[in-house]
$ cat data_19.tsv   # TSV, C-alpha atoms
chain	number	residue	atom	x	y	z
A	1	MET	CA	-65.63	-17.09	-47.10
A	2	LEU	CA	-66.00	-20.60	-48.50
A	3	ASN	CA	-63.01	-20.02	-50.77
A	4	VAL	CA	-60.91	-18.96	-47.78
A	5	ILE	CA	-61.89	-22.15	-45.91
A	6	ARG	CA	-61.05	-24.30	-48.95
A	7	ILE	CA	-57.63	-22.65	-49.29
A	8	PHE	CA	-57.00	-23.14	-45.57
A	9	LEU	CA	-57.92	-26.85	-45.74
A	10	THR	CA	-55.73	-27.30	-48.83
A	11	LEU	CA	-52.77	-25.74	-47.02
A	12	ILE	CA	-53.27	-28.06	-44.02
A	13	THR	CA	-53.36	-31.07	-46.36
A	14	LEU	CA	-50.18	-29.97	-48.13
A	15	ILE	CA	-48.38	-29.37	-44.84
A	16	GLY	CA	-49.47	-32.79	-43.56
A	17	THR	CA	-48.30	-34.47	-46.76
A	18	ALA	CA	-44.92	-32.74	-46.64
A	19	SER	CA	-44.46	-33.76	-43.00
A	20	SER	CA	-45.33	-37.39	-43.71
A	21	GLN	CA	-42.74	-37.48	-46.50
A	22	GLU	CA	-39.89	-36.29	-44.25
A	23	ASP	CA	-37.28	-38.84	-43.26
A	24	PRO	CA	-37.80	-40.27	-39.77
A	25	GLN	CA	-35.26	-39.38	-37.11
A	26	LEU	CA	-32.12	-41.50	-37.05
A	27	GLY	CA	-30.94	-42.72	-33.66
A	28	SER	CA	-27.41	-41.90	-32.50
A	29	ALA	CA	-26.00	-45.43	-32.99
A	30	ARG	CA	-23.99	-46.15	-36.13
A	31	VAL	CA	-22.87	-49.54	-37.45
A	32	VAL	CA	-20.03	-50.07	-39.92
A	33	PHE	CA	-19.67	-53.20	-42.07
A	34	GLN	CA	-16.10	-53.61	-43.32
A	35	THR	CA	-16.28	-55.52	-46.59
A	36	ASN	CA	-13.64	-56.56	-49.12
A	37	TYR	CA	-14.90	-53.68	-51.33
A	38	GLY	CA	-14.99	-50.94	-48.70
A	39	ASP	CA	-16.98	-49.82	-45.66
A	40	ILE	CA	-20.74	-49.30	-45.38
A	41	GLU	CA	-22.07	-47.29	-42.44
A	42	PHE	CA	-25.71	-47.16	-41.42
A	43	GLY	CA	-27.99	-45.84	-38.71
A	44	PHE	CA	-31.30	-46.99	-37.25
A	45	TYR	CA	-34.90	-45.75	-37.10
A	46	PRO	CA	-35.89	-46.75	-33.53
A	47	SER	CA	-39.15	-44.80	-33.74
A	48	VAL	CA	-40.21	-46.70	-36.88
A	49	ALA	CA	-39.22	-50.29	-36.04
A	50	PRO	CA	-38.08	-50.52	-32.39
A	51	GLN	CA	-38.13	-54.32	-32.07
A	52	THR	CA	-36.30	-54.79	-35.37
A	53	VAL	CA	-33.67	-52.21	-34.43
A	54	ASP	CA	-33.09	-53.83	-31.03
A	55	HIS	CA	-32.72	-57.27	-32.64
A	56	ILE	CA	-30.34	-56.24	-35.44
A	57	PHE	CA	-28.23	-54.06	-33.16
A	58	LYS	CA	-27.89	-56.92	-30.69
A	59	LEU	CA	-26.74	-59.21	-33.51
A	60	VAL	CA	-24.14	-56.58	-34.44
A	61	ARG	CA	-22.93	-56.24	-30.83
A	62	LEU	CA	-22.56	-60.02	-30.60
A	63	GLY	CA	-20.45	-60.03	-33.78
A	64	CYS	CA	-22.95	-62.16	-35.69
A	65	TYR	CA	-22.42	-60.39	-39.03
A	66	ASN	CA	-18.65	-60.91	-39.00
A	67	THR	CA	-17.59	-63.27	-41.85
A	68	ASN	CA	-21.13	-63.10	-43.28
A	69	HIS	CA	-21.68	-61.94	-46.88
A	70	PHE	CA	-23.95	-60.25	-49.42
A	71	PHE	CA	-25.54	-63.13	-51.29
A	72	ARG	CA	-27.55	-60.93	-53.63
A	73	VAL	CA	-26.67	-57.80	-55.63
A	74	ASP	CA	-29.31	-56.66	-58.09
A	75	LYS	CA	-28.17	-53.36	-59.62
A	76	GLY	CA	-30.68	-50.56	-59.07
A	77	PHE	CA	-32.73	-52.76	-56.73
A	78	VAL	CA	-31.07	-54.32	-53.63
A	79	ALA	CA	-27.88	-55.64	-52.09
A	80	GLN	CA	-29.02	-58.29	-49.62
A	81	VAL	CA	-27.11	-59.55	-46.58
A	82	ALA	CA	-27.41	-63.29	-46.00
A	83	ASP	CA	-29.01	-64.80	-42.92
A	84	VAL	CA	-26.19	-65.09	-40.39
A	85	VAL	CA	-27.07	-68.65	-39.39
A	86	GLY	CA	-26.08	-70.01	-42.80
A	87	GLY	CA	-24.16	-67.09	-44.27
A	88	ARG	CA	-21.10	-66.86	-42.00
A	89	SER	CA	-17.88	-68.66	-42.81
A	90	ALA	CA	-16.99	-68.81	-39.10
A	91	PRO	CA	-18.94	-71.02	-36.67
A	92	MET	CA	-21.34	-69.38	-34.23
A	93	ASN	CA	-21.23	-69.73	-30.48
A	94	GLU	CA	-24.36	-70.61	-28.53
A	95	VAL	CA	-25.21	-67.02	-27.53
A	96	GLN	CA	-24.95	-65.88	-31.15
A	97	ARG	CA	-27.04	-68.76	-32.44
A	98	VAL	CA	-29.85	-68.24	-29.92
A	99	GLU	CA	-30.21	-64.57	-30.91
A	100	ALA	CA	-29.78	-65.24	-34.64
A	101	GLU	CA	-32.57	-67.81	-34.69
A	102	LYS	CA	-35.09	-65.37	-33.23
A	103	THR	CA	-37.64	-63.74	-35.51
A	104	VAL	CA	-39.24	-60.32	-35.14
A	105	VAL	CA	-42.76	-59.12	-35.77
A	106	GLY	CA	-43.28	-57.34	-39.09
A	107	GLU	CA	-43.02	-53.64	-38.23
A	108	PHE	CA	-44.37	-52.27	-41.51
A	109	SER	CA	-44.57	-48.51	-41.89
A	110	ASP	CA	-45.16	-45.75	-44.44
A	111	VAL	CA	-41.41	-45.05	-44.85
A	112	LYS	CA	-40.61	-45.33	-48.55
A	113	HIS	CA	-38.19	-47.84	-50.04
A	114	VAL	CA	-35.64	-45.57	-51.72
A	115	ARG	CA	-31.89	-45.86	-52.30
A	116	GLY	CA	-29.97	-46.32	-49.06
A	117	ILE	CA	-32.89	-47.65	-47.01
A	118	LEU	CA	-32.41	-50.82	-44.91
A	119	SER	CA	-35.29	-53.28	-45.14
A	120	MET	CA	-35.72	-56.68	-43.50
A	121	GLY	CA	-35.87	-59.84	-45.58
A	122	ARG	CA	-38.58	-62.38	-44.78
A	123	TYR	CA	-40.54	-65.34	-46.08
A	124	SER	CA	-44.27	-65.29	-46.86
A	125	ASP	CA	-45.02	-65.09	-43.14
A	126	PRO	CA	-44.95	-61.35	-42.35
A	127	ASN	CA	-43.42	-62.13	-38.94
A	128	SER	CA	-40.57	-64.32	-40.21
A	129	ALA	CA	-37.76	-61.72	-40.44
A	130	ALA	CA	-34.59	-62.92	-38.70
A	131	SER	CA	-31.19	-61.47	-39.66
A	132	SER	CA	-31.16	-61.08	-43.44
A	133	PHE	CA	-31.79	-57.57	-44.72
A	134	SER	CA	-31.49	-55.55	-47.90
A	135	ILE	CA	-29.85	-52.24	-48.67
A	136	LEU	CA	-31.90	-50.51	-51.35
A	137	LEU	CA	-29.93	-49.60	-54.48
A	138	GLY	CA	-32.84	-47.71	-56.04
A	139	ASP	CA	-36.48	-46.83	-55.49
A	140	ALA	CA	-38.76	-49.85	-55.00
A	141	PRO	CA	-42.31	-48.61	-54.25
A	142	HIS	CA	-43.72	-52.14	-54.63
A	143	LEU	CA	-41.97	-53.01	-51.32
A	144	ASP	CA	-43.59	-50.15	-49.40
A	145	GLY	CA	-45.68	-51.39	-46.49
A	146	GLN	CA	-44.72	-55.01	-47.24
A	147	TYR	CA	-41.23	-55.14	-45.69
A	148	ALA	CA	-39.97	-53.57	-42.47
A	149	VAL	CA	-37.78	-50.49	-42.93
A	150	PHE	CA	-35.46	-50.04	-39.93
A	151	GLY	CA	-32.65	-47.70	-40.98
A	152	LYS	CA	-30.59	-46.21	-43.77
A	153	VAL	CA	-27.03	-45.94	-45.06
A	154	THR	CA	-25.19	-42.88	-43.74
A	155	LYS	CA	-21.80	-43.42	-45.45
A	156	GLY	CA	-20.46	-45.77	-48.11
A	157	ASP	CA	-22.48	-45.14	-51.25
A	158	GLU	CA	-19.22	-45.48	-53.21
A	159	THR	CA	-18.92	-49.02	-51.83
A	160	LEU	CA	-22.46	-49.82	-52.93
A	161	ARG	CA	-21.63	-48.59	-56.43
A	162	LYS	CA	-18.63	-50.92	-56.50
A	163	LEU	CA	-20.92	-53.83	-55.58
A	164	GLU	CA	-23.33	-52.85	-58.36
A	165	GLY	CA	-20.48	-53.04	-60.86
A	166	LEU	CA	-19.52	-56.63	-60.02
A	167	PRO	CA	-20.33	-59.52	-62.39
A	168	THR	CA	-23.46	-61.45	-61.47
A	169	ARG	CA	-25.40	-64.59	-62.32
A	170	LYS	CA	-29.12	-65.31	-62.03
A	171	GLU	CA	-30.52	-68.10	-59.88
A	172	GLY	CA	-34.30	-68.15	-60.01
A	173	ILE	CA	-35.54	-64.72	-58.95
A	174	PHE	CA	-32.19	-63.75	-57.42
A	175	VAL	CA	-29.35	-61.86	-59.11
A	176	MET	CA	-26.20	-63.01	-57.29
A	177	PRO	CA	-22.55	-61.94	-57.44
A	178	THR	CA	-20.17	-64.47	-58.99
A	179	GLU	CA	-17.68	-63.91	-56.16
A	180	ARG	CA	-18.19	-63.69	-52.42
A	181	ILE	CA	-18.69	-60.21	-50.97
A	182	THR	CA	-17.51	-60.76	-47.42
A	183	ILE	CA	-18.31	-58.70	-44.35
A	184	HIS	CA	-14.92	-59.19	-42.73
A	185	SER	CA	-15.86	-57.39	-39.54
A	186	SER	CA	-18.24	-54.86	-38.05
A	187	TYR	CA	-18.16	-52.24	-35.33
A	188	TYR	CA	-20.49	-49.64	-33.87
A	189	TYR	CA	-20.25	-46.26	-32.19
A	190	ASP	CA	-22.49	-43.50	-30.83
A	191	THR	CA	-22.54	-40.15	-32.62
A	192	GLU	CA	-23.64	-38.31	-29.47
A	193	MET	CA	-20.60	-39.60	-27.60
A	194	GLU	CA	-18.37	-38.46	-30.47
A	195	ILE	CA	-19.89	-34.97	-30.30
A	196	CYS	CA	-19.30	-34.89	-26.53
A	197	GLU	CA	-15.68	-35.97	-27.02
A	198	LYS	CA	-15.12	-33.21	-29.60
A	199	GLU	CA	-16.73	-30.58	-27.37
A	200	ARG	CA	-14.67	-31.80	-24.40
A	201	SER	CA	-11.49	-31.57	-26.49
A	202	VAL	CA	-12.36	-28.03	-27.65
A	203	LEU	CA	-13.13	-26.95	-24.08
A	204	LYS	CA	-9.84	-28.44	-22.84
A	205	ARG	CA	-7.89	-26.53	-25.50
A	206	ARG	CA	-9.68	-23.28	-24.63
A	207	LEU	CA	-9.01	-23.75	-20.90
A	208	THR	CA	-5.35	-24.47	-21.63
A	209	ALA	CA	-5.12	-21.36	-23.86
A	210	SER	CA	-6.84	-19.28	-21.13
A	211	ALA	CA	-4.43	-20.54	-18.49
A	212	ILE	CA	-1.45	-19.63	-20.69
A	213	GLU	CA	-2.87	-16.14	-21.31
A	214	ILE	CA	-3.54	-15.60	-17.59
A	215	GLU	CA	0.03	-16.62	-16.77
A	216	ARG	CA	1.38	-14.31	-19.49
A	217	GLN	CA	-0.60	-11.37	-18.10
A	218	ARG	CA	0.50	-12.20	-14.54
A	219	MET	CA	4.15	-12.25	-15.60
A	220	LYS	CA	3.65	-8.95	-17.43
A	221	CYS	CA	1.87	-7.11	-14.63
A	222	PHE	CA	3.52	-8.77	-11.62
A	223	PRO	CA	7.09	-9.56	-12.67
$ encode --input "data_19.tsv" --output "structure tokens"
Amino acid sequence: MLNVIRIFLTLITLIGTASSQEDPQLGSARVVFQTNYGDIEFGFYPSVAPQTVDHIFKLVRLGCYNTNHFFRVDKGFVAQVADVVGGRSAPMNEVQRVEAEKTVVGEFSDVKHVRGILSMGRYSDPNSAASSFSILLGDAPHLDGQYAVFGKVTKGDETLRKLEGLPTRKEGIFVMPTERITIHSSYYYDTEMEICEKERSVLKRRLTASAIEIERQRMKCFP
């Protein structure tokens, strides 16, 4: 009997561990950064870091990342987007600046830092994250629980590999590209709306086909 209980408890532990290692649910919003080396698309984890997601998505909607750049590309580690306040080549308007200068509380979680994950940059203050964030280019377990994960790349790994192949220079602890990697523009869309549009289009085609068939049968039976 004791052996049965031990086996049962072991199974529960294994199931719990497997569940905790599953990726969190992505929201339906997608953001695309259009760089001079290709596009990078990513989604958000609103259940993991809701305040961070709201803040970054608002910056995107305001166009704050347009003309910004990746100031850091460390192959196998991270590609880091610069803070928009100092990283853009275009000036910011007042609405953009007010939002960009806000910081968010450190929403640290148990989501692992693996390739494709988006993680907020910050200073020593755990609540100092603003607009700079990293895209993980490899596994970095030493960042787990120390930096806020808020999303992951959904398309564009080929673009990330291009960035990893660029020449770099080292400045202190940072490995930086020798040429500017510009985010020319950005846009966003909702995957649920796209699904609805596709389903609506399919339904419209089926209704049209049905109407044609009904008319054909009418002409055949009631000439």
$ residues_around --input "data_19.tsv" --residues "A:Ile183" --least-positions-apart "4" --cutoff "10 Å" --atoms "only C-alpha atoms" --output "list of chain:residue names"
A:Val32, A:Phe33, A:Gln34, A:Thr35, A:Asn36, A:Tyr37, A:Gly38, A:Asp39, A:Ile40, A:Tyr65, A:Asn66, A:Thr67, A:Asn68, A:His69, A:Phe70, A:Val81, A:Arg88
$ write_last_selection --input "data_19.tsv" --atoms "C-alpha atoms" --output "compact mmCIF listing (two decimals), in the coordinates of the input"
# COMPACT_ATOMS: atom_id res chain seq x y z
CA VAL A 32 -20.03 -50.07 -39.92
CA PHE A 33 -19.67 -53.20 -42.07
CA GLN A 34 -16.10 -53.61 -43.32
CA THR A 35 -16.28 -55.52 -46.59
CA ASN A 36 -13.64 -56.56 -49.12
CA TYR A 37 -14.90 -53.68 -51.33
CA GLY A 38 -14.99 -50.94 -48.70
CA ASP A 39 -16.98 -49.82 -45.66
CA ILE A 40 -20.74 -49.30 -45.38
CA TYR A 65 -22.42 -60.39 -39.03
CA ASN A 66 -18.65 -60.91 -39.00
CA THR A 67 -17.59 -63.27 -41.85
CA ASN A 68 -21.13 -63.10 -43.28
CA HIS A 69 -21.68 -61.94 -46.88
CA PHE A 70 -23.95 -60.25 -49.42
CA VAL A 81 -27.11 -59.55 -46.58
CA ARG A 88 -21.10 -66.86 -42.00
$ atom_distance --input "data_19.tsv" --atom1 "atom CA of A:Ala49" --atom2 "atom CA of A:Pro91"
29.0 Å
$ atom_distance --input "data_19.tsv" --atom1 "atom CA of A:Glu171" --atom2 "atom CA of A:Tyr123"
17.3 Å
$ closest_residue --input "data_19.tsv" --among "A:Phe42, A:Phe174, A:Phe57, A:Phe133" --to "A:Ala82" --atoms "only C-alpha atoms"
A:Phe133
$ closest_residue --input "data_19.tsv" --among "A:Gly63, A:Gly172, A:Pro167, A:Thr159" --to "A:Met92" --atoms "all atoms listed in the file"
A:Gly63
$ atom_distance --input "data_19.tsv" --atom1 "atom CA of A:Glu41" --atom2 "atom CA of A:Arg72"
18.5 Å
$ closest_residue --input "data_19.tsv" --among "A:Val104, A:Ala79, A:Val73, A:Leu26" --to "A:Thr178" --atoms "all atoms listed in the file"
A:Val73
$ closest_atom_pairs --input "data_19.tsv" --of "stretch 39-96 of chain A" --to "stretch 137-146 of chain A" --cutoff "8 Å" --atoms "only C-alpha atoms" --output "Markdown table"
| residue | atom | partner | partner_atom | distance |
| --- | --- | --- | --- | --- |
| A:Asp74 | CA | A:Leu137 | CA | 8.0 |
| A:Lys75 | CA | A:Leu137 | CA | 6.6 |
| A:Gly76 | CA | A:Gly138 | CA | 4.7 |
| A:Phe77 | CA | A:Leu137 | CA | 4.8 |
| A:Val78 | CA | A:Leu137 | CA | 4.9 |
| A:Ala79 | CA | A:Leu137 | CA | 6.8 |
$ build_atoms --input "data_19.tsv" --residues "stretch 74-85 of chain A" --atoms "all heavy atoms" --output "mmCIF file, in the coordinates of the input"
data_model
loop_
_atom_site.group_PDB
_atom_site.id
_atom_site.type_symbol
_atom_site.label_atom_id
_atom_site.label_comp_id
_atom_site.auth_asym_id
_atom_site.auth_seq_id
_atom_site.Cartn_x
_atom_site.Cartn_y
_atom_site.Cartn_z
ATOM 1 N N ASP A 74 -28.486 -56.914 -56.902
ATOM 2 C CA ASP A 74 -29.310 -56.660 -58.090
ATOM 3 C C ASP A 74 -29.234 -55.152 -58.365
ATOM 4 O O ASP A 74 -29.866 -54.351 -57.666
ATOM 5 C CB ASP A 74 -30.738 -57.107 -57.822
ATOM 6 C CG ASP A 74 -31.559 -57.238 -59.092
ATOM 7 O OD1 ASP A 74 -31.173 -56.626 -60.103
ATOM 8 O OD2 ASP A 74 -32.576 -57.950 -59.060
ATOM 9 N N LYS A 75 -28.442 -54.768 -59.348
ATOM 10 C CA LYS A 75 -28.170 -53.360 -59.620
ATOM 11 C C LYS A 75 -29.455 -52.543 -59.754
ATOM 12 O O LYS A 75 -30.375 -52.924 -60.469
ATOM 13 C CB LYS A 75 -27.340 -53.223 -60.899
ATOM 14 C CG LYS A 75 -26.904 -51.798 -61.203
ATOM 15 C CD LYS A 75 -26.004 -51.740 -62.421
ATOM 16 C CE LYS A 75 -25.546 -50.312 -62.692
ATOM 17 N NZ LYS A 75 -24.644 -50.229 -63.863
ATOM 18 N N GLY A 76 -29.509 -51.424 -59.028
ATOM 19 C CA GLY A 76 -30.680 -50.560 -59.070
ATOM 20 C C GLY A 76 -31.838 -51.045 -58.218
ATOM 21 O O GLY A 76 -32.877 -50.386 -58.129
ATOM 22 N N PHE A 77 -31.651 -52.214 -57.556
ATOM 23 C CA PHE A 77 -32.730 -52.760 -56.730
ATOM 24 C C PHE A 77 -32.256 -52.965 -55.286
ATOM 25 O O PHE A 77 -32.503 -52.115 -54.429
ATOM 26 C CB PHE A 77 -33.251 -54.057 -57.335
ATOM 27 C CG PHE A 77 -34.401 -54.681 -56.586
ATOM 28 C CD1 PHE A 77 -35.377 -53.892 -55.986
ATOM 29 C CD2 PHE A 77 -34.509 -56.062 -56.483
ATOM 30 C CE1 PHE A 77 -36.436 -54.459 -55.285
ATOM 31 C CE2 PHE A 77 -35.558 -56.646 -55.796
ATOM 32 C CZ PHE A 77 -36.526 -55.844 -55.193
ATOM 33 N N VAL A 78 -31.524 -54.061 -55.000
ATOM 34 C CA VAL A 78 -31.070 -54.320 -53.630
ATOM 35 C C VAL A 78 -29.722 -55.020 -53.599
ATOM 36 O O VAL A 78 -29.344 -55.728 -54.537
ATOM 37 C CB VAL A 78 -32.081 -55.198 -52.834
ATOM 38 C CG1 VAL A 78 -33.413 -54.510 -52.656
ATOM 39 C CG2 VAL A 78 -32.238 -56.569 -53.478
ATOM 40 N N ALA A 79 -29.019 -54.805 -52.486
ATOM 41 C CA ALA A 79 -27.880 -55.640 -52.090
ATOM 42 C C ALA A 79 -28.316 -56.288 -50.784
ATOM 43 O O ALA A 79 -28.601 -55.586 -49.810
ATOM 44 C CB ALA A 79 -26.627 -54.798 -51.893
ATOM 45 N N GLN A 80 -28.419 -57.610 -50.772
ATOM 46 C CA GLN A 80 -29.020 -58.290 -49.620
ATOM 47 C C GLN A 80 -27.984 -59.079 -48.824
ATOM 48 O O GLN A 80 -27.217 -59.876 -49.370
ATOM 49 C CB GLN A 80 -30.145 -59.223 -50.066
ATOM 50 C CG GLN A 80 -30.929 -59.816 -48.895
ATOM 51 C CD GLN A 80 -32.224 -60.482 -49.336
ATOM 52 O OE1 GLN A 80 -32.591 -60.426 -50.506
ATOM 53 N NE2 GLN A 80 -32.925 -61.111 -48.405
ATOM 54 N N VAL A 81 -27.982 -58.844 -47.509
ATOM 55 C CA VAL A 81 -27.110 -59.550 -46.580
ATOM 56 C C VAL A 81 -27.731 -60.903 -46.258
ATOM 57 O O VAL A 81 -28.932 -61.004 -45.995
ATOM 58 C CB VAL A 81 -26.945 -58.731 -45.275
ATOM 59 C CG1 VAL A 81 -26.097 -59.482 -44.267
ATOM 60 C CG2 VAL A 81 -26.344 -57.368 -45.572
ATOM 61 N N ALA A 82 -26.916 -61.944 -46.269
ATOM 62 C CA ALA A 82 -27.410 -63.290 -46.000
ATOM 63 C C ALA A 82 -27.813 -63.449 -44.535
ATOM 64 O O ALA A 82 -27.340 -62.717 -43.654
ATOM 65 C CB ALA A 82 -26.334 -64.316 -46.349
ATOM 66 N N ASP A 83 -28.676 -64.420 -44.281
ATOM 67 C CA ASP A 83 -29.010 -64.800 -42.920
ATOM 68 C C ASP A 83 -27.729 -65.262 -42.230
ATOM 69 O O ASP A 83 -26.985 -66.071 -42.780
ATOM 70 C CB ASP A 83 -30.052 -65.919 -42.931
ATOM 71 C CG ASP A 83 -30.621 -66.205 -41.557
ATOM 72 O OD1 ASP A 83 -29.852 -66.673 -40.689
ATOM 73 O OD2 ASP A 83 -31.817 -65.986 -41.341
ATOM 74 N N VAL A 84 -27.473 -64.780 -41.031
ATOM 75 C CA VAL A 84 -26.190 -65.090 -40.390
ATOM 76 C C VAL A 84 -26.039 -66.547 -39.999
ATOM 77 O O VAL A 84 -24.915 -67.053 -39.887
ATOM 78 C CB VAL A 84 -25.958 -64.184 -39.148
ATOM 79 C CG1 VAL A 84 -25.917 -62.719 -39.540
ATOM 80 C CG2 VAL A 84 -27.007 -64.422 -38.083
ATOM 81 N N VAL A 85 -27.149 -67.243 -39.800
ATOM 82 C CA VAL A 85 -27.070 -68.650 -39.390
ATOM 83 C C VAL A 85 -26.386 -69.486 -40.469
ATOM 84 O O VAL A 85 -25.556 -70.344 -40.175
ATOM 85 C CB VAL A 85 -28.460 -69.216 -39.069
ATOM 86 C CG1 VAL A 85 -28.372 -70.717 -38.797
ATOM 87 C CG2 VAL A 85 -29.068 -68.508 -37.861
#
